[in-house]
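Listing of data.pdb, PDB, C-alpha atoms
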```
ATOM      1  CA  GLN D 168     -33.981  66.180  55.418
ATOM      2  CA  ILE D 169     -31.798  66.854  58.473
ATOM      3  CA  HIS D 170     -32.586  69.239  61.316
ATOM      4  CA  PRO D 171     -30.032  71.991  62.066
ATOM      5  CA  THR D 172     -29.037  70.495  65.422
ATOM      6  CA  GLY D 173     -28.168  67.225  63.679
ATOM      7  CA  LYS D 174     -30.163  65.229  66.220
ATOM      8  CA  LEU D 175     -33.215  64.756  64.084
ATOM      9  CA  PHE D 176     -33.985  63.771  60.555
ATOM     10  CA  VAL D 177     -37.041  62.956  58.522
ATOM     11  CA  LEU D 178     -37.277  59.851  56.416
ATOM     12  CA  SER D 179     -39.775  59.034  53.742
ATOM     13  CA  ASP D 180     -40.790  55.393  53.390
ATOM     14  CA  GLY D 181     -41.783  53.209  50.435
ATOM     15  CA  GLU D 182     -45.308  54.634  50.494
ATOM     16  CA  GLY D 183     -44.278  58.283  50.702
ATOM     17  CA  LYS D 184     -45.144  58.515  54.393
ATOM     18  CA  HIS D 185     -42.773  60.426  56.644
ATOM     19  CA  ALA D 186     -41.156  59.329  59.869
ATOM     20  CA  THR D 187     -39.118  61.435  62.260
ATOM     21  CA  VAL D 188     -36.001  59.827  63.625
ATOM     22  CA  GLU D 189     -34.347  61.141  66.767
ATOM     23  CA  LEU D 190     -30.799  60.446  67.758
ATOM     24  CA  SER D 191     -29.219  60.501  71.194
ATOM     25  CA  GLU D 192     -26.053  61.982  69.749
ATOM     26  CA  PRO D 193     -25.936  64.478  66.880
ATOM     27  CA  LEU D 194     -24.895  63.107  63.516
ATOM     28  CA  ASP D 195     -21.180  63.218  62.929
ATOM     29  CA  GLU D 196     -21.366  62.448  59.235
ATOM     30  CA  GLU D 197     -23.240  63.443  56.127
ATOM     31  CA  ILE D 198     -26.003  61.038  55.342
ATOM     32  CA  SER D 199     -28.127  60.786  52.254
ATOM     33  CA  GLY D 200     -30.044  58.237  50.250
ATOM     34  CA  VAL D 201     -31.613  55.133  51.708
ATOM     35  CA  LEU D 202     -31.127  54.419  55.401
ATOM     36  CA  GLU D 203     -32.146  51.502  57.494
ATOM     37  CA  VAL D 204     -32.911  52.672  61.021
ATOM     38  CA  VAL D 205     -33.260  50.326  63.976
ATOM     39  CA  GLY D 206     -34.987  51.916  66.925
ATOM     40  CA  ARG D 207     -37.930  52.151  69.279
ATOM     41  CA  VAL D 208     -41.185  53.902  68.525
ATOM     42  CA  THR D 209     -41.925  56.686  71.000
ATOM     43  CA  ASN D 210     -45.380  57.782  72.084
ATOM     44  CA  GLN D 211     -45.005  60.844  69.913
ATOM     45  CA  ALA D 212     -44.820  58.394  66.993
ATOM     46  CA  THR D 213     -41.182  59.206  66.309
ATOM     47  CA  ILE D 214     -38.398  56.664  66.231
ATOM     48  CA  MET D 215     -35.664  56.771  68.832
ATOM     49  CA  CYS D 216     -32.709  55.537  66.855
ATOM     50  CA  VAL D 217     -30.505  52.791  68.233
ATOM     51  CA  SER D 218     -28.477  52.279  65.083
ATOM     52  CA  TYR D 219     -28.600  53.040  61.407
ATOM     53  CA  VAL D 220     -26.900  51.866  58.272
ATOM     54  CA  GLN D 221     -26.727  53.435  54.857
ATOM     55  CA  PHE D 222     -27.596  51.154  51.970
ATOM     56  CA  ARG D 223     -25.069  50.824  49.212
ATOM     57  CA  GLU D 224     -26.395  52.401  46.076
ATOM     58  CA  ASP D 225     -23.102  52.899  44.279
ATOM     59  CA  LYS D 226     -23.836  50.161  41.743
ATOM     60  CA  THR D 227     -27.615  49.892  41.740
ATOM     61  CA  PRO D 228     -30.334  52.088  43.263
ATOM     62  CA  PHE D 229     -32.507  50.478  45.901
ATOM     63  CA  ASP D 230     -36.176  50.029  45.021
ATOM     64  CA  LEU D 231     -37.871  51.197  48.194
ATOM     65  CA  GLU D 232     -41.444  50.776  46.952
ATOM     66  CA  LEU D 233     -40.761  47.156  46.044
ATOM     67  CA  TYR D 234     -39.200  46.545  49.441
ATOM     68  CA  ASN D 235     -42.299  48.007  51.052
ATOM     69  CA  GLU D 236     -44.507  45.602  49.086
ATOM     70  CA  ALA D 237     -42.271  42.692  50.124
ATOM     71  CA  LEU D 238     -42.631  43.693  53.778
ATOM     72  CA  LYS D 239     -46.403  43.616  53.488
ATOM     73  CA  ILE D 240     -46.201  40.111  52.044
ATOM     74  CA  ILE D 241     -43.947  38.723  54.736
ATOM     75  CA  HIS D 242     -46.246  40.107  57.406
ATOM     76  CA  GLU D 243     -49.065  38.101  55.860
ATOM     77  CA  PHE D 244     -47.132  34.892  56.384
ATOM     78  CA  PRO D 245     -45.814  34.844  59.947
ATOM     79  CA  GLU D 246     -45.663  31.048  59.758
ATOM     80  CA  TYR D 247     -43.042  31.293  57.014
ATOM     81  CA  PHE D 248     -41.313  34.449  58.243
ATOM     82  CA  PRO D 249     -41.333  34.478  62.031
ATOM     83  CA  PHE D 250     -40.134  37.454  64.008
ATOM     84  CA  GLY D 251     -38.195  36.399  67.107
TER      85      GLY D 251
ATOM     86  CA  GLY L   7      -1.124  20.825  23.216
ATOM     87  CA  GLY L   8      -3.158  19.896  26.237
ATOM     88  CA  GLY L   9      -4.971  21.752  28.968
ATOM     89  CA  ARG L  10      -3.728  22.429  32.447
ATOM     90  CA  PRO L  11      -3.698  19.336  34.648
ATOM     91  CA  LEU L  12      -6.386  19.335  37.328
ATOM     92  CA  PRO L  13      -5.146  20.125  40.824
ATOM     93  CA  GLY L  14      -5.329  17.401  43.427
ATOM     94  CA  GLY L  15      -5.832  13.772  42.510
ATOM     95  CA  ALA L  16      -6.606  12.171  39.173
ATOM     96  CA  ASP L  17     -10.283  12.343  39.996
ATOM     97  CA  GLY L  18     -10.453  16.144  40.151
ATOM     98  CA  ALA L  19     -14.186  16.100  40.607
ATOM     99  CA  ALA L  20     -14.467  15.056  44.243
ATOM    100  CA  LEU L  21     -16.538  17.280  46.504
ATOM    101  CA  PRO L  22     -14.917  18.222  49.783
ATOM    102  CA  LEU L  23     -18.020  17.063  51.684
ATOM    103  CA  GLN L  24     -20.056  13.996  50.853
ATOM    104  CA  ARG L  25     -23.682  13.980  51.955
ATOM    105  CA  ALA L  26     -25.806  10.879  51.855
ATOM    106  CA  ARG L  27     -28.935  12.794  50.865
ATOM    107  CA  SER L  28     -29.046  15.499  48.231
ATOM    108  CA  GLN L  29     -30.065  18.800  49.696
ATOM    109  CA  ASN L  30     -31.760  21.909  48.564
ATOM    110  CA  ILE L  31     -30.231  25.109  49.814
ATOM    111  CA  VAL L  32     -33.019  26.887  51.622
ATOM    112  CA  PRO L  33     -33.183  30.626  52.368
ATOM    113  CA  CYS L  34     -34.117  31.178  56.021
ATOM    114  CA  THR L  35     -34.471  33.761  58.731
ATOM    115  CA  VAL L  36     -32.291  33.485  61.823
ATOM    116  CA  SER L  37     -35.502  33.088  63.846
ATOM    117  CA  GLN L  38     -36.384  30.009  61.777
ATOM    118  CA  LEU L  39     -32.944  28.502  62.292
ATOM    119  CA  LEU L  40     -33.117  29.057  66.042
ATOM    120  CA  ALA L  41     -36.554  27.425  66.146
ATOM    121  CA  ALA L  42     -35.501  24.416  64.071
ATOM    122  CA  GLU L  43     -35.910  21.106  65.836
ATOM    123  CA  GLN L  44     -33.143  18.564  65.767
ATOM    124  CA  VAL L  45     -33.623  14.809  65.599
ATOM    125  CA  ASP L  46     -30.265  12.981  65.449
ATOM    126  CA  GLU L  47     -28.431  14.549  62.523
ATOM    127  CA  THR L  48     -31.464  16.177  60.954
ATOM    128  CA  PHE L  49     -32.899  19.642  61.426
ATOM    129  CA  ARG L  50     -36.507  20.459  60.653
ATOM    130  CA  ILE L  51     -38.320  23.763  60.378
ATOM    131  CA  ARG L  52     -42.046  22.988  60.654
ATOM    132  CA  ASP L  53     -41.403  19.454  59.353
ATOM    133  CA  VAL L  54     -39.354  20.644  56.383
ATOM    134  CA  GLU L  55     -35.891  19.117  56.488
ATOM    135  CA  ILE L  56     -33.037  21.586  56.148
ATOM    136  CA  SER L  57     -29.290  21.385  56.102
ATOM    137  CA  GLN L  58     -27.756  23.916  53.731
ATOM    138  CA  VAL L  59     -29.230  27.348  54.178
ATOM    139  CA  THR L  60     -28.731  30.938  53.152
ATOM    140  CA  ILE L  61     -29.276  33.899  55.431
ATOM    141  CA  MET L  62     -28.871  37.585  54.748
ATOM    142  CA  GLY L  63     -28.018  40.122  57.370
ATOM    143  CA  ILE L  64     -25.616  42.717  58.643
ATOM    144  CA  ILE L  65     -22.330  41.859  60.308
ATOM    145  CA  ARG L  66     -22.382  43.108  63.864
ATOM    146  CA  HIS L  67     -19.107  41.630  64.989
ATOM    147  CA  ALA L  68     -16.089  39.902  63.461
ATOM    148  CA  GLU L  69     -13.376  38.034  65.321
ATOM    149  CA  LYS L  70     -10.367  36.568  63.594
ATOM    150  CA  ALA L  71      -8.712  33.443  64.986
ATOM    151  CA  PRO L  72      -5.832  31.459  63.433
ATOM    152  CA  THR L  73      -8.065  28.845  61.823
ATOM    153  CA  ASN L  74     -11.393  30.593  61.480
ATOM    154  CA  ILE L  75     -13.280  33.873  61.454
ATOM    155  CA  LEU L  76     -16.317  34.154  63.729
ATOM    156  CA  TYR L  77     -18.977  36.614  62.619
ATOM    157  CA  LYS L  78     -22.202  37.616  64.266
ATOM    158  CA  VAL L  79     -24.802  38.160  61.557
ATOM    159  CA  ASP L  80     -28.008  40.037  62.344
ATOM    160  CA  ASP L  81     -31.118  39.842  60.143
ATOM    161  CA  MET L  82     -33.358  41.538  62.744
ATOM    162  CA  THR L  83     -35.642  38.505  63.155
ATOM    163  CA  ALA L  84     -33.766  37.335  66.259
ATOM    164  CA  ALA L  85     -30.472  37.887  68.043
ATOM    165  CA  PRO L  86     -27.393  37.866  65.767
ATOM    166  CA  MET L  87     -26.296  34.371  64.747
ATOM    167  CA  ASP L  88     -22.796  32.944  65.042
ATOM    168  CA  VAL L  89     -21.345  32.250  61.634
ATOM    169  CA  ARG L  90     -18.016  30.524  61.457
ATOM    170  CA  GLN L  91     -15.864  30.591  58.352
ATOM    171  CA  TRP L  92     -12.903  28.243  58.269
ATOM    172  CA  VAL L  93      -9.737  29.772  56.986
ATOM    173  CA  ASP L  94      -7.456  27.955  54.599
ATOM    174  CA  THR L  95      -4.106  28.351  56.307
ATOM    175  CA  ASP L  96      -2.225  27.338  53.160
ATOM    176  CA  GLU L  97      -3.658  30.121  51.065
ATOM    177  CA  ALA L  98      -2.209  33.581  51.334
ATOM    178  CA  GLY L  99      -4.572  36.579  51.318
ATOM    179  CA  GLY L 100      -7.670  36.256  49.112
ATOM    180  CA  GLU L 101     -10.091  34.123  51.096
ATOM    181  CA  ASN L 102      -8.959  35.368  54.463
ATOM    182  CA  ILE L 103     -10.041  38.978  54.303
ATOM    183  CA  VAL L 104     -12.360  39.752  57.196
ATOM    184  CA  VAL L 105     -15.627  41.409  56.174
ATOM    185  CA  PRO L 106     -16.022  44.538  58.302
ATOM    186  CA  PRO L 107     -18.943  45.022  60.714
ATOM    187  CA  GLY L 108     -21.714  47.163  59.245
ATOM    188  CA  THR L 109     -21.644  45.271  55.954
ATOM    189  CA  TYR L 110     -24.715  43.472  54.637
ATOM    190  CA  VAL L 111     -23.819  39.936  53.552
ATOM    191  CA  LYS L 112     -25.344  36.805  52.109
ATOM    192  CA  VAL L 113     -24.171  33.704  53.946
ATOM    193  CA  ALA L 114     -24.454  30.186  52.533
ATOM    194  CA  GLY L 115     -23.647  27.410  54.963
ATOM    195  CA  HIS L 116     -24.625  24.419  57.057
ATOM    196  CA  LEU L 117     -26.728  24.607  60.184
ATOM    197  CA  ARG L 118     -25.051  23.205  63.275
ATOM    198  CA  SER L 119     -26.040  22.805  66.886
ATOM    199  CA  PHE L 120     -23.585  22.392  69.737
ATOM    200  CA  GLN L 121     -24.657  22.256  73.367
ATOM    201  CA  ASN L 122     -28.048  23.518  72.311
ATOM    202  CA  LYS L 123     -26.608  26.569  70.638
ATOM    203  CA  LYS L 124     -27.179  26.980  66.941
ATOM    204  CA  SER L 125     -24.623  28.335  64.540
ATOM    205  CA  LEU L 126     -23.729  28.259  60.884
ATOM    206  CA  VAL L 127     -20.606  26.955  59.245
ATOM    207  CA  ALA L 128     -20.297  29.113  56.156
ATOM    208  CA  PHE L 129     -18.914  27.966  52.859
ATOM    209  CA  LYS L 130     -19.564  31.310  51.243
ATOM    210  CA  ILE L 131     -19.905  34.837  52.599
ATOM    211  CA  MET L 132     -20.624  37.516  50.023
ATOM    212  CA  PRO L 133     -21.023  41.220  50.737
ATOM    213  CA  LEU L 134     -24.136  42.538  49.026
ATOM    214  CA  GLU L 135     -23.480  44.940  46.218
ATOM    215  CA  ASN L 136     -27.110  45.399  45.305
ATOM    216  CA  MET L 137     -29.456  45.898  48.230
ATOM    217  CA  ASN L 138     -32.418  44.828  46.108
ATOM    218  CA  GLU L 139     -31.130  41.295  46.715
ATOM    219  CA  PHE L 140     -32.375  41.745  50.241
ATOM    220  CA  THR L 141     -35.904  42.288  48.975
ATOM    221  CA  THR L 142     -35.584  39.156  46.833
ATOM    222  CA  HIS L 143     -34.244  37.140  49.745
ATOM    223  CA  ILE L 144     -37.119  37.872  52.105
ATOM    224  CA  LEU L 145     -39.647  36.945  49.423
ATOM    225  CA  GLU L 146     -37.704  33.788  48.591
ATOM    226  CA  ILE L 147     -37.861  32.753  52.237
ATOM    227  CA  VAL L 148     -41.652  32.858  52.272
ATOM    228  CA  ASN L 149     -41.855  31.188  48.855
ATOM    229  CA  ALA L 150     -39.382  28.386  49.583
ATOM    230  CA  HIS L 151     -40.857  27.419  52.937
ATOM    231  CA  MET L 152     -44.371  27.528  51.575
ATOM    232  CA  ILE L 153     -43.554  25.334  48.566
ATOM    233  CA  LEU L 154     -41.440  22.877  50.555
ATOM    234  CA  ARG L 155     -44.229  22.478  53.047
ATOM    235  CA  LYS L 156     -46.847  22.002  50.317
ATOM    236  CA  ASN L 157     -44.693  19.345  48.637
ATOM    237  CA  LEU L 158     -44.276  17.587  51.941
ATOM    238  CA  MET L 159     -48.011  17.537  52.594
ATOM    239  CA  ALA L 160     -48.827  16.364  49.053
ATOM    240  CA  ALA L 161     -46.161  13.641  49.106
ATOM    241  CA  SER L 162     -47.371  12.266  52.419
ATOM    242  CA  ARG L 163     -50.867  11.771  51.010
ATOM    243  CA  ALA L 164     -50.247  10.532  47.461
ATOM    244  CA  PRO L 165     -48.712   7.152  48.405
ATOM    245  CA  GLN L 166     -51.760   6.307  50.510
ATOM    246  CA  SER L 167     -54.100   6.921  47.611
ATOM    247  CA  PHE L 168     -51.958   4.655  45.444
ATOM    248  CA  THR L 169     -52.152   1.770  47.870
ATOM    249  CA  SER L 170     -55.797   2.107  48.764
ATOM    250  CA  GLY L 171     -57.141   2.690  45.276
ATOM    251  CA  GLY L 172     -54.886   0.476  43.250
ATOM    252  CA  ILE L 173     -52.988   1.907  40.340
ATOM    253  CA  GLY L 174     -55.450   2.762  37.579
ATOM    254  CA  ASP L 175     -57.763   0.071  38.891
ATOM    255  CA  MET L 176     -61.256   0.664  40.186
ATOM    256  CA  GLY L 177     -62.207  -1.265  43.271
ATOM    257  CA  GLY L 178     -58.690  -1.559  44.672
ATOM    258  CA  TYR L 179     -57.251  -4.496  46.596
ATOM    259  CA  GLY L 180     -59.701  -6.709  48.333
ATOM    260  CA  GLY L 181     -60.197  -6.979  52.097
ATOM    261  CA  GLY L 182     -57.322  -6.202  54.407
ATOM    262  CA  SER L 183     -56.890  -3.220  56.622
ATOM    263  CA  LEU L 184     -56.645  -0.632  53.865
ATOM    264  CA  PRO L 185     -59.809   1.393  53.269
ATOM    265  CA  VAL L 186     -61.114   0.666  49.807
ATOM    266  CA  ASN L 187     -62.796   3.779  48.542
ATOM    267  CA  GLY L 188     -63.059   2.761  44.910
ATOM    268  CA  LEU L 189     -61.063   5.678  43.595
ATOM    269  CA  THR L 190     -58.193   5.636  41.162
ATOM    270  CA  ALA L 191     -54.897   7.244  42.118
ATOM    271  CA  HIS L 192     -55.705  10.404  40.144
ATOM    272  CA  GLN L 193     -59.180  10.693  41.626
ATOM    273  CA  SER L 194     -57.763  10.280  45.131
ATOM    274  CA  GLN L 195     -55.115  12.900  44.565
ATOM    275  CA  VAL L 196     -57.676  15.352  43.219
ATOM    276  CA  LEU L 197     -60.032  14.626  46.100
ATOM    277  CA  ASN L 198     -57.305  15.088  48.713
ATOM    278  CA  LEU L 199     -56.227  18.415  47.242
ATOM    279  CA  ILE L 200     -59.827  19.639  47.206
ATOM    280  CA  LYS L 201     -60.402  18.419  50.765
ATOM    281  CA  ASN L 202     -57.402  20.323  52.046
ATOM    282  CA  CYS L 203     -58.140  23.601  50.323
ATOM    283  CA  PRO L 204     -58.859  26.206  53.016
ATOM    284  CA  VAL L 205     -60.285  28.833  50.663
ATOM    285  CA  PRO L 206     -64.088  29.441  50.980
ATOM    286  CA  GLU L 207     -64.802  29.185  47.259
ATOM    287  CA  GLY L 208     -62.949  25.883  47.055
ATOM    288  CA  MET L 209     -60.266  24.661  44.696
ATOM    289  CA  SER L 210     -60.235  25.710  41.082
ATOM    290  CA  LEU L 211     -59.375  23.480  38.135
ATOM    291  CA  GLN L 212     -56.421  25.763  37.370
ATOM    292  CA  GLU L 213     -55.111  25.333  40.904
ATOM    293  CA  LEU L 214     -55.467  21.544  40.605
ATOM    294  CA  LYS L 215     -53.487  21.632  37.352
ATOM    295  CA  LEU L 216     -50.770  23.683  39.073
ATOM    296  CA  GLN L 217     -50.514  21.218  41.946
ATOM    297  CA  LEU L 218     -50.626  18.148  39.701
ATOM    298  CA  HIS L 219     -48.268  19.247  36.983
ATOM    299  CA  ASN L 220     -47.778  15.827  35.463
ATOM    300  CA  VAL L 221     -51.508  15.174  35.098
ATOM    301  CA  SER L 222     -53.347  16.397  32.021
ATOM    302  CA  MET L 223     -56.239  18.823  32.314
ATOM    303  CA  SER L 224     -58.636  16.317  30.718
ATOM    304  CA  THR L 225     -57.703  13.692  33.332
ATOM    305  CA  ILE L 226     -58.280  16.229  36.077
ATOM    306  CA  LYS L 227     -61.649  17.188  34.602
ATOM    307  CA  GLN L 228     -62.670  13.542  34.347
ATOM    308  CA  ALA L 229     -61.663  12.992  37.968
ATOM    309  CA  VAL L 230     -63.636  16.036  39.065
ATOM    310  CA  GLU L 231     -66.729  14.897  37.134
ATOM    311  CA  PHE L 232     -66.561  11.429  38.660
ATOM    312  CA  LEU L 233     -66.029  12.729  42.214
ATOM    313  CA  SER L 234     -68.868  15.170  41.756
ATOM    314  CA  SER L 235     -71.286  12.505  40.468
ATOM    315  CA  GLU L 236     -70.337  10.255  43.410
ATOM    316  CA  GLY L 237     -71.058  13.084  45.826
ATOM    317  CA  HIS L 238     -67.525  13.529  47.170
ATOM    318  CA  ILE L 239     -67.323  17.116  45.923
ATOM    319  CA  TYR L 240     -69.675  19.882  44.831
ATOM    320  CA  SER L 241     -69.229  22.960  42.691
ATOM    321  CA  THR L 242     -69.324  26.358  44.365
ATOM    322  CA  VAL L 243     -69.055  29.723  42.603
ATOM    323  CA  ASP L 244     -68.883  28.110  39.153
ATOM    324  CA  ASP L 245     -68.104  24.816  37.409
ATOM    325  CA  ASP L 246     -64.416  25.504  37.863
ATOM    326  CA  HIS L 247     -64.443  25.555  41.664
ATOM    327  CA  TYR L 248     -65.085  22.614  43.956
ATOM    328  CA  LYS L 249     -65.260  21.856  47.649
ATOM    329  CA  SER L 250     -65.303  18.540  49.440
ATOM    330  CA  THR L 251     -68.550  17.273  50.954
ATOM    331  CA  ASP L 252     -66.794  15.815  53.994
ATOM    332  CA  ALA L 253     -64.958  18.942  55.078
ATOM    333  CA  GLU L 254     -62.992  19.027  58.369
TER     334      GLU L 254
END
```
Step by step, read the file and then write its structure as structure tokens.
Amino acid sequence: QIHPTGKLFVLSDGEGKHATVELSEPLDEEISGVLEVVGRVTNQATIMCVSYVQFREDKTPFDLELYNEALKIIHEFPEYFPFG
Amino acid sequence: GGGRPLPGGADGAALPLQRARSQNIVPCTVSQLLAAEQVDETFRIRDVEISQVTIMGIIRHAEKAPTNILYKVDDMTAAPMDVRQWVDTDEAGGENIVVPPGTYVKVAGHLRSFQNKKSLVAFKIMPLENMNEFTTHILEIVNAHMILRKNLMAASRAPQSFTSGGIGDMGGYGGGSLPVNGLTAHQSQVLNLIKNCPVPEGMSLQELKLQLHNVSMSTIKQAVEFLSSEGHIYSTVDDDHYKSTDAE
């Protein structure tokens, strides 16, 4: 859901856990559905958003739980999926 | 009546690029591509040879030039990668539409390195219509690199067991510098797989069958029984799991 000021919204991840995302500028568009947020974690455990993109779901819905499972798997194999 | 004549020469089947070796097309992360080592014309990621790759990411930047379009594709594993797509100047429209930044795409292309900077030359750039393909792609990356590496490790050992044991012959070749360990090719292969299994409970018969798909289960069982009676391996949790006696 989106906060009235438009500078904050709450996302729910593939496990049903919630994350608060803060923006430096208020939202200038309607957003809904699945978002991918790139940002930094703050010490209040919120995410300071650098950029976001809305996933296309016009043809097929995105399976967020499955994506979450895939993420867990790739983290188990850093030798085959290195991060930077 | 006849069909339409093939465009181009009489051949009609020629590929635009000829490669001396046949290649797999390997899904990769940008971080893997940047870390790939180059020896002459060949790139390797952890010893696995790669040439044609696929990556999936979001377009951060697109720049159109007369003969090519330069994209920067970001998959979040490293800095965005340069992806160049050559433009067919003879063709009007169609192929030359620039994909806008903010779009998730799948890129298939060749890895290149110029002045120590890596880039891709794309032969196909497809915007994703179904974001679940992204989930598939990241799993395929782990799967492909794991299997390619396993094949590489298995292939580098099997020939040695053939030469040292003799093909289907106990006792092997006499003398020489090759170690004669009195094992047949199958027994050597089974022993090597068991030796290299990192799991505490050892290698199972099912796992051996998976790794040695062209060997029958009865042959594997015979090999295991022989190795066990000779003391090369021992059973662990049950008669289906074995570990090597000379572990590293």
task = Determine which residues of chain L sit within 10 Å of chain D, taking into account all atoms listed in the file, and present them as a PyMOL selection string.
result = chain L and resi 34-38+40-41+51-52+64+82-85+108-110+134-145+147-152+155
request  = Can you pull out every residue within 12 Å of Phe49 of chain L, counting only C-alpha atoms, but drop anything in the same chain fewer than 2 positions away, and send it as a ChimeraX atom specification?
outcome  = /L:38-47,51-59,116-119,124
ask   = Looking at L:His238, L:Lys130, L:Arg50, L:His247, which one is nearest to Cys203 of chain L, with distances taken over all atoms listed in the file?
value =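 Comparing L:His238, L:Lys130, L:Arg50, L:His247 against Cys203 of chain L, the winner is L:His247.
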Among listed residues D:His242, D:Leu194, D:Glu189, D:Ser199, nearest Cys216 of chain D (using only C-alpha atoms) =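 Smallest separation from Cys216 of chain D among the options: D:Glu189.
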request  = Might you spell out which residues the PyMOL selection byres ((chain L and resi 206-218) around 10) would select in the displayed file, as a PyMOL selection string?
outcome  = chain L and resi 156-157+160+192+195-197+199-205+219-227+230+239-250
request  = Please indicate the distance in Å from atom CA of Pro107 of chain L to atom CA of Lys123 of chain L, rounded to one decimal place.
outcome  =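 Straight-line distance from atom CA of Pro107 of chain L to atom CA of Lys123 of chain L works out to 22.3 Å.
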ask   = What separation in Å, quoted to one decimal, exists between atom CA of Leu190 of chain D and atom CA of Gly206 of chain D?
value = 9.5 Å
key: Selected residue of minimal separation from Asp195 of chain D among D:Thr209, D:Ser179, D:Lys174, D:Val217, counting only C-alpha atoms   =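 Among D:Thr209, D:Ser179, D:Lys174, D:Val217, it is D:Lys174 that comes nearest to Asp195 of chain D.
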Put a box with edges along x, y and z around all the listed atoms of segment 186-199 of chain D, pad it by 3 Å on each side, then give me its centre and sizes in Å, one decimal, as lines of an AutoDock Vina configuration file.
```
center_x = -31.2
center_y = 61.9
center_z = 61.7
size_x = 26.0
size_y = 11.1
size_z = 24.9
```
query = Separation of atom CA of Val79 of chain L and atom CA of Arg66 of chain L, in Å?
reply =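 Spanning atom CA of Val79 of chain L to atom CA of Arg66 of chain L is a straight-line distance of 6.0 Å.
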key: Residues returned when the PyMOL selection byres ((chain D and resi 178) around 8) runs on this file, as a ChimeraX atom specification   = /D:168,176-177,179-180,185-188
query = For Val127 of chain L, which residue among L:Arg90, L:Val104, L:Ile153, L:Leu158 is the nearest when counting all atoms listed in the file?
reply =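 Using all atoms listed in the file, Val127 of chain L sits closest to L:Arg90.
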